[in-house]
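Peer 1: My structure is below; once you've seen it, I'll send some questions.
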Amino acid sequence: MILKKSGRISERLSTSSWLSCTTCSNEQVSLHISIHPPFGYHEEVKNTIEILIKEALRGLDIQDTDFVVEHPADLKMGDYSTNVGIKRRTRAQEIFEYLDKNKTDDIERVEIAGPGFINFYLSKKFFLNSLKQIIDAGDNFGQNSNLEDKKFLVEHTQPNPFKEFHIGHMMNNIIGESVAGMIKANGANVKTVTYHGDVGLHVAKAIWGALKQSGDFTGAYAFGHKSYEDDENAKKEIIEINKKIYDKSDSKVNALYESGRQNSLDDFELMYKRLGSEFAGHFYESEAGEIGKKLVLENAGEVFEESEGAIIFKGEKFGLHTRVFLNSEKLPTYEAKEVGLAKIKKNKFVYDESITITANEQDAFFNVVEVAISQIFPELNGKLRHLSHGVLKLPSGKMSSRTGTIITAEDLIEDVKKIISDKGDIAQEEVAIGAIKYMILRQSIGNDIIFDLEKSVSTEGDSGVYLQYAYARTNSILEKADKSADTNIKIEENYEIEKLLYRFPEVVENAMDEFAPSHITTYLTQLAGSFNSLYAREQILSDKPESAYLIAVTKAFNTVMKNGLTILGIPTPERM
RNA sequence: GUCCCUGUAGUUCAAUGGAUAGAACAGAGCUCUUCUAAGGCUUUGAUGUAGGUUCGAUUCCUGCCAGGGACACCA
């Protein structure tokens, strides 16, 4: 049935050069079809509607009319909707009549409503087939091949040894993993990498602090940082230690550096594991600095120039601003290290696109540095993308290691575990991680989060727990079911959840297009709400004939929820 | 000063230029002898401001107001 209809669509398209819809030109539609050999069911019905409208316009001799076919905001207003009747008000009735007369059996009803929208209500046959498709596809439902054969490198998290892995790093990690998940779901190959600031003044401060505490790193950075600010002598000693770290001339400093660095990195690995990250590469500023300095010097005079003893990049030529790459002591700055990092990544990985995820305070920095890198490596032009997110702020302001207002990732996870501990003993770690991840991923990634433990990490209502709980419930139902899912039962009623389930693949596509994991989060929450309502209203396991159909709905929901949460990196405990 | 980002219910967040601006939390009320009540149902309540473009603006453009960030030797 599906194959036959696809053929019909291609046939119509190949002869329909009259098209005037600018949002869906003939070329684009044809291309779309050729990219997706197994034509998705939801795409098929949308294309059918678009073609019907184009036929109607042609038949009525209406030209130059743009229109869109989309899901209306409210499920009550149908499954698809077009604005063509608003664009051509005087002809709306005729267009509607054509559509109503020529609708396929996937469309139950067409209506004209509101200011002239034409709404399409899909048929039971469509929903029945879509359920079947979801259950058959299983873990693969929601995956597509839009980015097939493409290779992505995603850099995120970037915690600095000798400093805490705090909730800001955690936010970056959570967003990074969800972005990687979306890219993967869209068919591409993804590798994630991280980058550590293992040299620099912050390291010298920590080592100075540790030296004063007879080798103990506890609170060493904060101590060193404060002393650096307040005490001239300490400041001199710290600068001295910083040089020793670079030239490795002091065995005591070397020993502290090596052990402190390794301890930090080991701790980070434990946290990555808790958060579900597996990096294909770890890079370090200590290696990037050397390479970056060399590259800057090699390109001095062409890409970079000397000014006041420093080597700088004049961003003004590109509508940006000037930044220093080597300071007047010819030491590499963060900028030069980023150049070195670009070369390291390029040598180690083959990729079509390299994404770096950071907080948005680095936006201007990356604008300049990416242009500079593209000057040095023209082959990277257009392959670098900086994706930025807002910052986590405490109600009292920005987190600061100076004032000791740092919340570590570990503290937060443990605090959330305490909050949920009175509700059950099962899967506490997964529920805590899920609640935190949801807090980050529920909103648009560009916006800041004012972080308040009690209010931000919710365990009821709009929360990660809500999604996990709905999922766990379905596992329990499906386990108890004594008959298998059957979509061939005659059911009159359309359940609301069926109107949402089939949309999952397009949500995954849209989320990828906009790098917006929140689209998936929002969708899953709406879906879970719909399921919970159904669960409260209907007895799924029963002797009634519709029970087998409801089991199919439950199975489809279970599949979509699991696949969605997996893309986002939110754990899916089987029991709660 | 220049550039960038953000202003939506009491609070935290949604809303590919569309229809009656959605949730959640908090407040008021109801709901477990029935598949997991971490659930469900009812209810009060919002687009900073002034213009512009459009058949239609929370969304696009301009001014203003408010908050945050970046802007030469930190990362």
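Going through the structure tokens in order, the chains are called A, B, and so on, while each chain numbers its residues from 1 and the ligands are numbered from 1 in the order shown.
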Using only C-alpha atoms (C1' of nucleotides), which residues of chain A come within 7 Å of chain B, and what is the closest atom pair for each, with the distance in Å to one decimal? Give it as CSV, sorted by chain and residue number.

Peer 2:
```
residue,atom,partner,partner_atom,distance
A:Gly114,CA,B:A19,C1',5.5
A:Pro115,CA,B:A19,C1',6.8
A:Ala310,CA,B:C73,C1',6.7
A:Arg323,CA,B:A72,C1',6.1
A:Val324,CA,B:A72,C1',5.7
A:Asn327,CA,B:C73,C1',4.5
A:Ser328,CA,B:C73,C1',6.3
A:Tyr334,CA,B:A75,C1',6.3
A:Glu361,CA,B:G69,C1',5.5
A:Ala364,CA,B:A70,C1',6.0
A:Lys423,CA,B:A38,C1',7.0
A:Gln443,CA,B:C13,C1',6.3
A:Thr459,CA,B:A38,C1',7.0
A:Glu460,CA,B:A38,C1',6.3
A:Gly461,CA,B:A24,C1',5.5
A:Asp462,CA,B:A24,C1',4.8
A:Val465,CA,B:A38,C1',6.6
A:Tyr466,CA,B:A38,C1',6.8
A:Tyr469,CA,B:A38,C1',6.6
A:Arg473,CA,B:U36,C1',5.8
A:Ile477,CA,B:C35,C1',5.6
A:Asn532,CA,B:G39,C1',6.9
A:Ser533,CA,B:G40,C1',6.2
A:Ala536,CA,B:G40,C1',5.6
A:Gln539,CA,B:C35,C1',6.8
A:Ile540,CA,B:C35,C1',6.5
A:Leu541,CA,B:C35,C1',5.9
```

Peer 1: Need to verify the contact set: segment 192-205 of chain A, 6 Å, only C-alpha atoms (C1' of nucleotides), exclusion of same-chain residues closer than 3 positions in sequence. Can you return it as JSON, numbers by chain?

Peer 2: {"A": [153, 154, 155, 156, 158, 159, 160, 161, 208, 221, 224, 225, 238, 241, 242, 279, 280, 281, 282, 283, 284, 285, 286]}

Peer 1: So that I have them on file, write out the residues from the current selection with N, CA and C atoms, as a PDB file, in the first residue's frame.

Peer 2:
```pdb
ATOM      1  N   LEU A 153      32.533  15.777  14.830  1.00  0.00           N
ATOM      2  CA  LEU A 153      33.343  15.775  16.029  1.00  0.00           C
ATOM      3  C   LEU A 153      32.700  16.781  16.979  1.00  0.00           C
ATOM      4  N   VAL A 154      32.398  16.348  18.182  1.00  0.00           N
ATOM      5  CA  VAL A 154      31.763  17.262  19.149  1.00  0.00           C
ATOM      6  C   VAL A 154      32.650  17.371  20.383  1.00  0.00           C
ATOM      7  N   GLU A 155      33.101  18.587  20.664  1.00  0.00           N
ATOM      8  CA  GLU A 155      33.912  18.812  21.861  1.00  0.00           C
ATOM      9  C   GLU A 155      33.056  19.457  22.936  1.00  0.00           C
ATOM     10  N   HIS A 156      33.060  18.866  24.111  1.00  0.00           N
ATOM     11  CA  HIS A 156      32.306  19.475  25.201  1.00  0.00           C
ATOM     12  C   HIS A 156      32.900  19.133  26.559  1.00  0.00           C
ATOM     13  N   GLN A 158      35.098  19.989  28.926  1.00  0.00           N
ATOM     14  CA  GLN A 158      36.293  20.806  29.214  1.00  0.00           C
ATOM     15  C   GLN A 158      36.507  21.204  30.681  1.00  0.00           C
ATOM     16  N   PRO A 159      36.541  20.244  31.610  1.00  0.00           N
ATOM     17  CA  PRO A 159      36.867  20.636  32.987  1.00  0.00           C
ATOM     18  C   PRO A 159      38.379  20.836  33.146  1.00  0.00           C
ATOM     19  N   ASN A 160      38.761  21.688  34.058  1.00  0.00           N
ATOM     20  CA  ASN A 160      40.185  21.944  34.265  1.00  0.00           C
ATOM     21  C   ASN A 160      40.714  21.170  35.452  1.00  0.00           C
ATOM     22  N   PRO A 161      41.793  20.393  35.229  1.00  0.00           N
ATOM     23  CA  PRO A 161      42.441  19.719  36.346  1.00  0.00           C
ATOM     24  C   PRO A 161      42.819  20.736  37.418  1.00  0.00           C
ATOM     25  N   TRP A 208      50.671  25.994  44.373  1.00  0.00           N
ATOM     26  CA  TRP A 208      51.162  26.856  45.463  1.00  0.00           C
ATOM     27  C   TRP A 208      50.382  26.540  46.745  1.00  0.00           C
ATOM     28  N   TYR A 221      43.202  25.319  45.341  1.00  0.00           N
ATOM     29  CA  TYR A 221      43.025  26.341  44.317  1.00  0.00           C
ATOM     30  C   TYR A 221      42.436  27.614  44.912  1.00  0.00           C
ATOM     31  N   GLY A 224      45.028  29.392  46.910  1.00  0.00           N
ATOM     32  CA  GLY A 224      46.024  30.011  46.027  1.00  0.00           C
ATOM     33  C   GLY A 224      45.460  31.241  45.334  1.00  0.00           C
ATOM     34  N   HIS A 225      44.237  31.121  44.895  1.00  0.00           N
ATOM     35  CA  HIS A 225      43.607  32.222  44.160  1.00  0.00           C
ATOM     36  C   HIS A 225      43.447  33.443  45.060  1.00  0.00           C
ATOM     37  N   ILE A 238      53.648  32.398  43.031  1.00  0.00           N
ATOM     38  CA  ILE A 238      52.773  31.665  42.109  1.00  0.00           C
ATOM     39  C   ILE A 238      53.248  31.828  40.660  1.00  0.00           C
ATOM     40  N   ILE A 241      56.139  29.635  40.203  1.00  0.00           N
ATOM     41  CA  ILE A 241      55.729  28.234  40.058  1.00  0.00           C
ATOM     42  C   ILE A 241      55.173  27.988  38.656  1.00  0.00           C
ATOM     43  N   ASN A 242      54.460  28.960  38.151  1.00  0.00           N
ATOM     44  CA  ASN A 242      53.897  28.820  36.807  1.00  0.00           C
ATOM     45  C   ASN A 242      55.010  28.581  35.791  1.00  0.00           C
ATOM     46  N   PHE A 279      34.364   9.518  25.897  1.00  0.00           N
ATOM     47  CA  PHE A 279      35.085  10.351  24.935  1.00  0.00           C
ATOM     48  C   PHE A 279      36.029   9.531  24.070  1.00  0.00           C
ATOM     49  N   ALA A 280      36.051   9.911  22.786  1.00  0.00           N
ATOM     50  CA  ALA A 280      36.963   9.238  21.858  1.00  0.00           C
ATOM     51  C   ALA A 280      38.328   9.910  21.892  1.00  0.00           C
ATOM     52  N   GLY A 281      38.423  11.039  22.540  1.00  0.00           N
ATOM     53  CA  GLY A 281      39.714  11.722  22.617  1.00  0.00           C
ATOM     54  C   GLY A 281      39.745  12.720  23.748  1.00  0.00           C
ATOM     55  N   HIS A 282      40.896  12.809  24.412  1.00  0.00           N
ATOM     56  CA  HIS A 282      41.113  13.817  25.454  1.00  0.00           C
ATOM     57  C   HIS A 282      42.257  14.689  24.970  1.00  0.00           C
ATOM     58  N   PHE A 283      42.043  15.987  24.940  1.00  0.00           N
ATOM     59  CA  PHE A 283      43.112  16.895  24.537  1.00  0.00           C
ATOM     60  C   PHE A 283      43.474  17.801  25.699  1.00  0.00           C
ATOM     61  N   TYR A 284      44.703  18.322  25.640  1.00  0.00           N
ATOM     62  CA  TYR A 284      45.212  19.107  26.765  1.00  0.00           C
ATOM     63  C   TYR A 284      45.825  20.407  26.280  1.00  0.00           C
ATOM     64  N   GLU A 285      45.623  21.429  27.078  1.00  0.00           N
ATOM     65  CA  GLU A 285      46.219  22.712  26.721  1.00  0.00           C
ATOM     66  C   GLU A 285      47.736  22.619  26.678  1.00  0.00           C
ATOM     67  N   SER A 286      48.305  21.728  27.474  1.00  0.00           N
ATOM     68  CA  SER A 286      49.761  21.621  27.477  1.00  0.00           C
ATOM     69  C   SER A 286      50.298  21.219  26.105  1.00  0.00           C
TER      70      SER A 286
END
```

Peer 1: Just list the residues in segment 125-307 of chain A DSSP gives helix (DSSP H, G or I) on the backbone, as a ChimeraX atom specification.

Peer 2: /A:125-140,167-185,201-212,220-230,232-247,251-275,285-298

Peer 1: Suppose you want the space between atom CA of Tyr351 of chain A and atom CA of Phe152 of chain A; what is it in Å?

Peer 2: 5.5 Å
